[in-house]
Amino acid sequence: MRSRYSAYVLRNAAYLQETWDATKRPEKIDFSREKIDWLRLEITDIKKSGIKDSKGVVSFKAFFRQDGEEHVMNEISRFTKINGRWFYLDGVIKSMGKVGPQTNLGKNALCSCGSGKKFKRCCGAG
């Protein structure tokens with residue numbers, strides 16, 4: 001999870017593609033329209049994900065700055081382990097809004113994959 005967050009910070013689309021489960025991976029990741037500065041990651045919960053587990057769930061808050069204002073995205077992500085390596089399956093954005101009083105944008109928020117589409121029309125469509 002932390003390595004994928006770092007890849008978003010660095011806009012490393014190749015690494016994100018490599019660590020995305022092949023059955024769920026988008027064709028491409030385009031950061032050209034992204035105007036987000038990622039600030040920090042806070043892991044809030046981890047379920048399963050041990051050495052013997054083949055699936056895991058990570059809940060997190062990703063803080064970012066957009067248009068001079070700080071925002072937070074709360075997501076629950078699912079991962080699968082294949083041949084000893086973890087791959088991102090999918091995630092559900094629980095809330096997104098400005099830091100402080102939360103504005104819940106949910107599936108109407110822009111997708112975090114960098115497509116420029118709304119989450120519900122992109123990675124949340126499955």
# chains A, B, ... in the order shown; residues from 1 in each chain; ligands from 1

$ residues_around --residues "range 58-73 of chain A" --least-positions-apart "5" --cutoff "6 Å" --atoms "only C-alpha atoms" --output "list in words"
Ile36, Asp37, Trp38, Leu39, Arg40, Leu41, Glu42, Ile43, Thr44, Asp45, Ile46, Ser95, Met96, Gly97, Lys98 and Val99 of chain A

$ select_by_dssp --residues "range 12-103 of chain A" --states "alpha helix (DSSP H)" --output "MDAnalysis selection string"
chainID A and resid 13:18

$ closest_residue --among "A:Ser3, A:Asn12, A:Ser32, A:Thr19" --to "Tyr88 in chain A" --atoms "only C-alpha atoms"
A:Thr19

$ closest_atom_pairs --of "range 34-99 of chain A" --to "range 20-24 of chain A" --cutoff "10 Å" --atoms "only C-alpha atoms" --output "CSV"
residue,atom,partner,partner_atom,distance
A:Phe79,CA,A:Asp21,CA,8.3
A:Thr80,CA,A:Asp21,CA,7.7
A:Lys81,CA,A:Asp21,CA,9.3
A:Ile82,CA,A:Asp21,CA,9.1
A:Trp86,CA,A:Asp21,CA,8.7
A:Phe87,CA,A:Asp21,CA,5.2
A:Tyr88,CA,A:Trp20,CA,4.7
A:Leu89,CA,A:Asp21,CA,5.4
A:Asp90,CA,A:Lys24,CA,7.2

$ write_last_selection --atoms "N, CA and C atoms" --output "PDB file, in the first residue's frame"
ATOM      1  N   PHE A  79      -6.545  -6.174  -1.725  1.00  0.00           N
ATOM      2  CA  PHE A  79      -5.335  -6.681  -2.354  1.00  0.00           C
ATOM      3  C   PHE A  79      -5.400  -8.198  -2.432  1.00  0.00           C
ATOM      4  N   THR A  80      -4.690  -8.775  -3.384  1.00  0.00           N
ATOM      5  CA  THR A  80      -4.568 -10.224  -3.514  1.00  0.00           C
ATOM      6  C   THR A  80      -3.087 -10.569  -3.644  1.00  0.00           C
ATOM      7  N   LYS A  81      -2.704 -11.707  -3.081  1.00  0.00           N
ATOM      8  CA  LYS A  81      -1.306 -12.135  -3.172  1.00  0.00           C
ATOM      9  C   LYS A  81      -1.199 -13.255  -4.201  1.00  0.00           C
ATOM     10  N   ILE A  82      -0.315 -13.060  -5.162  1.00  0.00           N
ATOM     11  CA  ILE A  82      -0.076 -14.043  -6.211  1.00  0.00           C
ATOM     12  C   ILE A  82       1.425 -14.344  -6.231  1.00  0.00           C
ATOM     13  N   TRP A  86       2.008  -8.988  -3.480  1.00  0.00           N
ATOM     14  CA  TRP A  86       0.708  -8.348  -3.321  1.00  0.00           C
ATOM     15  C   TRP A  86       0.377  -7.484  -4.536  1.00  0.00           C
ATOM     16  N   PHE A  87      -0.901  -7.565  -4.962  1.00  0.00           N
ATOM     17  CA  PHE A  87      -1.402  -6.766  -6.074  1.00  0.00           C
ATOM     18  C   PHE A  87      -2.694  -6.072  -5.646  1.00  0.00           C
ATOM     19  N   TYR A  88      -2.850  -4.828  -6.063  1.00  0.00           N
ATOM     20  CA  TYR A  88      -4.061  -4.057  -5.795  1.00  0.00           C
ATOM     21  C   TYR A  88      -5.192  -4.596  -6.661  1.00  0.00           C
ATOM     22  N   LEU A  89      -6.338  -4.909  -6.026  1.00  0.00           N
ATOM     23  CA  LEU A  89      -7.519  -5.350  -6.762  1.00  0.00           C
ATOM     24  C   LEU A  89      -8.424  -4.177  -7.082  1.00  0.00           C
ATOM     25  N   ASP A  90      -8.935  -3.544  -6.039  1.00  0.00           N
ATOM     26  CA  ASP A  90      -9.844  -2.413  -6.210  1.00  0.00           C
ATOM     27  C   ASP A  90     -10.022  -1.707  -4.872  1.00  0.00           C
TER      28      ASP A  90
END

$ closest_residue --among "A:Lys55, A:Lys28, A:Arg2, A:Lys47" --to "Ala14 in chain A" --atoms "only C-alpha atoms"
A:Lys28

$ select_by_dssp --residues "range 36-109 of chain A" --states "strand (DSSP E)" --output "short mmCIF file (atom, residue, chain, number, x, y, z; two decimals) with N, CA and C atoms, in the first residue's frame"
data_model
loop_
_atom_site.label_atom_id
_atom_site.label_comp_id
_atom_site.auth_asym_id
_atom_site.auth_seq_id
_atom_site.Cartn_x
_atom_site.Cartn_y
_atom_site.Cartn_z
N ASP A 37 -1.24 17.67 -5.26
CA ASP A 37 0.02 17.45 -4.56
C ASP A 37 -0.30 16.56 -3.37
N TRP A 38 0.19 15.31 -3.41
CA TRP A 38 -0.05 14.38 -2.31
C TRP A 38 0.79 14.80 -1.12
N LEU A 39 0.19 14.82 0.07
CA LEU A 39 0.86 15.30 1.27
C LEU A 39 1.30 14.21 2.22
N ARG A 40 0.40 13.26 2.51
CA ARG A 40 0.74 12.20 3.45
C ARG A 40 -0.30 11.08 3.38
N LEU A 41 0.11 9.94 3.89
CA LEU A 41 -0.74 8.75 3.94
C LEU A 41 -0.88 8.32 5.38
N GLU A 42 -2.09 7.98 5.77
CA GLU A 42 -2.36 7.48 7.12
C GLU A 42 -3.11 6.15 6.97
N ILE A 43 -2.46 5.04 7.33
CA ILE A 43 -3.11 3.73 7.31
C ILE A 43 -3.99 3.66 8.56
N THR A 44 -5.28 3.40 8.40
CA THR A 44 -6.20 3.38 9.54
C THR A 44 -6.58 1.97 9.98
N ASP A 45 -6.45 0.97 9.10
CA ASP A 45 -6.78 -0.39 9.47
C ASP A 45 -6.22 -1.36 8.43
N ILE A 46 -5.81 -2.53 8.89
CA ILE A 46 -5.33 -3.60 8.02
C ILE A 46 -6.01 -4.88 8.46
N LYS A 47 -6.58 -5.59 7.50
CA LYS A 47 -7.21 -6.87 7.78
C LYS A 47 -6.55 -7.93 6.92
N LYS A 48 -6.28 -9.05 7.54
CA LYS A 48 -5.59 -10.16 6.90
C LYS A 48 -4.20 -9.68 6.50
N LYS A 55 -5.34 -12.79 0.64
CA LYS A 55 -6.11 -11.57 0.42
C LYS A 55 -5.88 -10.64 1.60
N GLY A 56 -6.04 -9.35 1.35
CA GLY A 56 -5.89 -8.37 2.40
C GLY A 56 -6.72 -7.14 2.11
N VAL A 57 -7.03 -6.40 3.17
CA VAL A 57 -7.81 -5.17 3.05
C VAL A 57 -7.08 -4.09 3.84
N VAL A 58 -6.91 -2.93 3.22
CA VAL A 58 -6.24 -1.80 3.86
C VAL A 58 -7.17 -0.59 3.80
N SER A 59 -7.43 0.00 4.95
CA SER A 59 -8.18 1.26 5.02
C SER A 59 -7.17 2.38 5.25
N PHE A 60 -7.35 3.48 4.55
CA PHE A 60 -6.38 4.56 4.69
C PHE A 60 -7.02 5.92 4.43
N LYS A 61 -6.29 6.94 4.83
CA LYS A 61 -6.61 8.33 4.49
C LYS A 61 -5.41 8.87 3.73
N ALA A 62 -5.67 9.42 2.55
CA ALA A 62 -4.62 10.05 1.76
C ALA A 62 -4.92 11.55 1.72
N PHE A 63 -4.00 12.34 2.21
CA PHE A 63 -4.16 13.78 2.27
C PHE A 63 -3.47 14.41 1.07
N PHE A 64 -4.14 15.41 0.47
CA PHE A 64 -3.58 16.07 -0.70
C PHE A 64 -4.00 17.53 -0.74
N ARG A 65 -3.25 18.29 -1.53
CA ARG A 65 -3.56 19.71 -1.73
C ARG A 65 -3.99 19.89 -3.17
N GLN A 66 -5.11 20.59 -3.35
CA GLN A 66 -5.63 20.89 -4.68
C GLN A 66 -6.19 22.30 -4.64
N GLU A 69 -6.06 24.18 -1.32
CA GLU A 69 -6.80 23.70 -0.15
C GLU A 69 -6.44 22.25 0.12
N GLU A 70 -6.39 21.89 1.41
CA GLU A 70 -6.06 20.53 1.79
C GLU A 70 -7.33 19.68 1.84
N HIS A 71 -7.22 18.48 1.27
CA HIS A 71 -8.34 17.54 1.21
C HIS A 71 -7.88 16.19 1.76
N VAL A 72 -8.85 15.33 2.04
CA VAL A 72 -8.54 13.97 2.47
C VAL A 72 -9.48 13.00 1.76
N MET A 73 -8.91 11.88 1.34
CA MET A 73 -9.69 10.81 0.72
C MET A 73 -9.60 9.59 1.64
N ASN A 74 -10.74 9.06 2.04
CA ASN A 74 -10.81 7.84 2.85
C ASN A 74 -11.17 6.69 1.92
N GLU A 75 -10.31 5.68 1.86
CA GLU A 75 -10.56 4.55 0.95
C GLU A 75 -10.32 3.23 1.66
N ILE A 76 -11.05 2.23 1.24
CA ILE A 76 -10.81 0.85 1.64
C ILE A 76 -10.37 0.11 0.39
N SER A 77 -9.16 -0.43 0.40
CA SER A 77 -8.58 -1.10 -0.76
C SER A 77 -8.44 -2.59 -0.51
N ARG A 78 -8.70 -3.37 -1.56
CA ARG A 78 -8.52 -4.82 -1.49
C ARG A 78 -7.29 -5.22 -2.29
N PHE A 79 -6.54 -6.17 -1.73
CA PHE A 79 -5.33 -6.68 -2.35
C PHE A 79 -5.40 -8.20 -2.43
N THR A 80 -4.69 -8.78 -3.38
CA THR A 80 -4.57 -10.22 -3.51
C THR A 80 -3.09 -10.57 -3.64
N LYS A 81 -2.70 -11.71 -3.08
CA LYS A 81 -1.31 -12.13 -3.17
C LYS A 81 -1.20 -13.26 -4.20
N ILE A 82 -0.31 -13.06 -5.16
CA ILE A 82 -0.08 -14.04 -6.21
C ILE A 82 1.42 -14.34 -6.23
N ARG A 85 3.53 -12.16 -3.98
CA ARG A 85 3.57 -10.71 -4.22
C ARG A 85 2.15 -10.14 -4.15
N TRP A 86 2.01 -8.99 -3.48
CA TRP A 86 0.71 -8.35 -3.32
C TRP A 86 0.38 -7.48 -4.54
N PHE A 87 -0.90 -7.56 -4.96
CA PHE A 87 -1.40 -6.77 -6.07
C PHE A 87 -2.69 -6.07 -5.65
N TYR A 88 -2.85 -4.83 -6.06
CA TYR A 88 -4.06 -4.06 -5.80
C TYR A 88 -5.19 -4.60 -6.66
N LEU A 89 -6.34 -4.91 -6.03
CA LEU A 89 -7.52 -5.35 -6.76
C LEU A 89 -8.42 -4.18 -7.08
N ASP A 90 -8.93 -3.54 -6.04
CA ASP A 90 -9.84 -2.41 -6.21
C ASP A 90 -10.02 -1.71 -4.87
N GLY A 91 -10.74 -0.62 -4.92
CA GLY A 91 -10.97 0.14 -3.70
C GLY A 91 -12.31 0.86 -3.75
N VAL A 92 -12.80 1.19 -2.58
CA VAL A 92 -14.04 1.95 -2.45
C VAL A 92 -13.71 3.23 -1.69
N ILE A 93 -14.00 4.36 -2.32
CA ILE A 93 -13.81 5.64 -1.64
C ILE A 93 -14.99 5.84 -0.72
N LYS A 94 -14.72 5.89 0.58
CA LYS A 94 -15.77 6.06 1.58
C LYS A 94 -16.17 7.53 1.71
N SER A 95 -15.21 8.41 1.60
CA SER A 95 -15.51 9.84 1.64
C SER A 95 -14.32 10.61 1.08
N MET A 96 -14.59 11.82 0.64
CA MET A 96 -13.55 12.71 0.14
C MET A 96 -14.02 14.13 0.38
N GLY A 97 -13.15 14.95 0.87
CA GLY A 97 -13.54 16.33 1.08
C GLY A 97 -12.40 17.15 1.67
N LYS A 98 -12.71 18.39 1.93
CA LYS A 98 -11.73 19.29 2.52
C LYS A 98 -11.42 18.85 3.93
#

$ closest_residue --among "A:Val9, A:Ser49, A:Tyr15, A:Ser54" --to "Glu34 in chain A" --atoms "only C-alpha atoms"
A:Val9
